[in-house]
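Colleague: After the structure tokens below, expect a handful of questions from me.
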Amino acid sequence: MEHLHASTKHILLGVTGGIAAYKTAELIRLLVKQGHTVQVVMTEAATHFITATTLQALSGRPVFIDAWDQRIDNGMPHIGLSRDADVILVAPASADFMAKLAHGFANDLLSTLCLARTCPLMIAPAMNKQMWENPATQRQCAQLIADGIIFLGPDAGEQACGEVGQGRMLEPLEMLEGLAAHFTPKLLAGKKIMITAGATMEMIDPVRGLTNLSSGKMGFALALVASRMGAEVTLIYSHTQVPPPVVSQRHHVRTADDMYHTVMQHIADQDVFIAVAAVADYKPNTIQPQKIKKSEASLTIKLIKNKDILAEVASLPNPPYCVGFAAETEPLIVHATQKRLAKRVPLMVANQVDAAMGHDHNTVTLIDDNGEYAIATAHKTTIAQHILTHLKMRLDQG
Ligand code: CTP
């Protein structure tokens with residue numbers, strides 16, 4: 001999910017010498033697109049992998065490399081460049097640069113900036129797997145963690161050198177997510193939140209099924225933002241149009257029955273249950289074991305009712321705080337209020353079906369015991385932030 005949803009920041013982006021430097025170009029593009037300002041500082045080695053001209057064009061600001069650069073008025077670029085930064089992110093961070101950081105070296109502009117910083121420092125290591133696994137690098141890592149430096153990755157996978165292993169720099173979108181998580185206040189720390197998302201699929205025969213148009217985007221946005229806010233998220237998702245976010249626990253299911261059983265298996269210690277999944281209300285009475293042939297002129301499938309997962313959870317003896325979604329046509333609020341009372345959930349999120357399905361934006365109204373709260377049309381991650389902030393307020397009120 002590409003949306004940062006943090007207010008705009010000033011990021012000092014350090015680039016050191018590694019082939020992963022080419023990914024930094026894309027990272028800058030994404031950051032600038034979201035309204036952040038990016039000040040690039042490169043090491044001399046980095047310029048062998050990507051040009052300052054490229055990064056200058058993408059960031060729209062002059063790039064600095066040399067500690068003796070005269071473009072900063074007071075002649076102290078190591079101070080002048082970093083004082084208004086919200087964070088310094090070094091991506092890629094080479095093994096050599098990590099060693100420098102661990103030992104407090106200040107023999108070029110970027111290492112001096114890092115040593116003189118007054119803001120948090122994040123690094124996205126990138127190196128060959130042998131270099132990463134080398135005890136010297138691991139020693140530096142332990143020291144950097146102890147010093148409070150925040151690591152983004154590295155990841156495991158195929159490397160530019162042809163080897164496969166740990167040491168690959170995170171993808172630009174993953175680094176963006178790391179930054180977003182860093183800047184999100186941890187309002188939900190210590191809370192366990194279960195979220196259902198996506199469209200269930202009720203099988204008719206081994207290759208066919210009944211499903212619906214839910215994309216999974218709203219449920220995934222809630223899972224992502226709840227995670228950024230520090231919650232331990234259990235995501236139970238069925239068929240979706242987009243990949244699920246990385247959260248504490250993920251369970252992929254297919255049918256409403258699978259979803260029901262998986263929810264019940266993990267519900268016991270949850271503080272909150274948010275049912276976003278578009279669960280099929282009905283399933284075929286029997287699933288044909290063999291593929292149905294088109295021999296008959298017509299075909300009748302008898303459907304029987306599925307369990308209502310949200311209503312079942314809400315009626316547990318000691319239920320978590322339950323949030324339901326009501327996708328409705330007009331009159332929206334009337335239908336959603338009826339559904340809230342029928343399912344006995346404290347908070348219902350009403351949304352117009354046509355406004356939300358498959359789109360990145362949504363328009364919702366929150367309905368609880370205290371009244372109705374309309375939220376203006378926004379990206380689903382922003383809507384998620386509103387819902388979770390409202391929920392946090394209700395949890396605090398007990
Ligand atoms: N829900 C659920 N299990 C079901 C059906 C719905 O957990 N078997 C949850 C959804 O995740 C959503 C809420 O209940 O949070 C409302 O779902 P919706 O399908 O709109 O409500 P229904 O009760 O099925 O009403 P109807 O289809 O008649 O509008």
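Ligands are numbered from 1 in the order shown, residues from 1 within each chain, and chains are lettered A, B, ... in the order they appear in the structure tokens.
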Could you give me, as number ranges by chain, every polymer residue with an atom at most 10 Å away from an atom of ligand 1, counting only C-alpha atoms and all ligand atoms?
Modeller: A: 195-200, 219, 256-257, 259-260, 263, 273-282, 305-314, 322-329, 335-336, 338-340, 342-343, 345, 348-351, 353
Colleague: Hey, what does DSSP flag as helix (DSSP H, G or I) within stretch 180-393 of chain A? Can you give it to me as a PyMOL selection string?
Modeller: chain A and resi 180-183+217-228+256-266+309-314+332-343+353-356+380-393
Colleague: Nearest to A:Leu303 among A:Asn285, A:Thr262, A:Gln290, A:Ser215, with distances taken over only C-alpha atoms: which residue is it?
Modeller: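 Among the listed residues, the smallest separation from A:Leu303 belongs to A:Asn285.
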Colleague: With the cut-off set at 10 Å and counting only C-alpha atoms, tabulate each residue of stretch 10-95 of chain A with an atom at most that distance from an atom of stretch 160-171 of chain A, showing the nearest atom pair and its distance in Å to one decimal, ordered by chain and increasing number, as CSV.
Modeller:
```
residue,atom,partner,partner_atom,distance
A:Gly18,CA,A:Met169,CA,9.8
A:Ile19,CA,A:Ala160,CA,7.4
A:Ala20,CA,A:Met169,CA,6.5
A:Ala21,CA,A:Met169,CA,9.2
A:Lys23,CA,A:Glu171,CA,7.2
A:Thr24,CA,A:Glu171,CA,9.1
A:Glu26,CA,A:Glu171,CA,9.2
A:Leu27,CA,A:Glu171,CA,8.3
A:Ala91,CA,A:Met169,CA,7.9
A:Pro92,CA,A:Met169,CA,6.7
A:Ala93,CA,A:Met169,CA,8.7
A:Ser94,CA,A:Met169,CA,10.0
A:Ala95,CA,A:Gly167,CA,10.0
```
Colleague: Do a neighbour search on A:Ala57 at 10 Å with only C-alpha atoms, toss out local chain neighbours closer than 6 positions, and write the hits as a tab-separated table (two decimals) with N, CA, C and O atoms, in the first residue's frame.
Modeller:
```tsv
chain	number	residue	atom	x	y	z
A	25	ALA	N	16.49	5.89	-6.19
A	25	ALA	CA	15.86	6.82	-7.13
A	25	ALA	C	14.33	6.69	-7.01
A	25	ALA	O	13.61	7.69	-6.91
A	28	ILE	N	12.97	8.07	-3.67
A	28	ILE	CA	12.86	9.53	-3.68
A	28	ILE	C	11.59	9.95	-4.43
A	28	ILE	O	10.82	10.78	-3.97
A	29	ARG	N	11.36	9.31	-5.56
A	29	ARG	CA	10.17	9.64	-6.37
A	29	ARG	C	8.89	9.45	-5.55
A	29	ARG	O	8.01	10.30	-5.52
A	63	VAL	N	22.21	18.13	-4.56
A	63	VAL	CA	22.74	16.96	-3.83
A	63	VAL	C	24.11	17.33	-3.26
A	63	VAL	O	24.90	17.99	-3.94
```
Colleague: Please compute the atom CA of A:Met175-atom CA of A:Ala46 distance, one decimal, in Å.
Modeller: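 Spanning atom CA of A:Met175 to atom CA of A:Ala46 is a straight-line distance of 18.7 Å.
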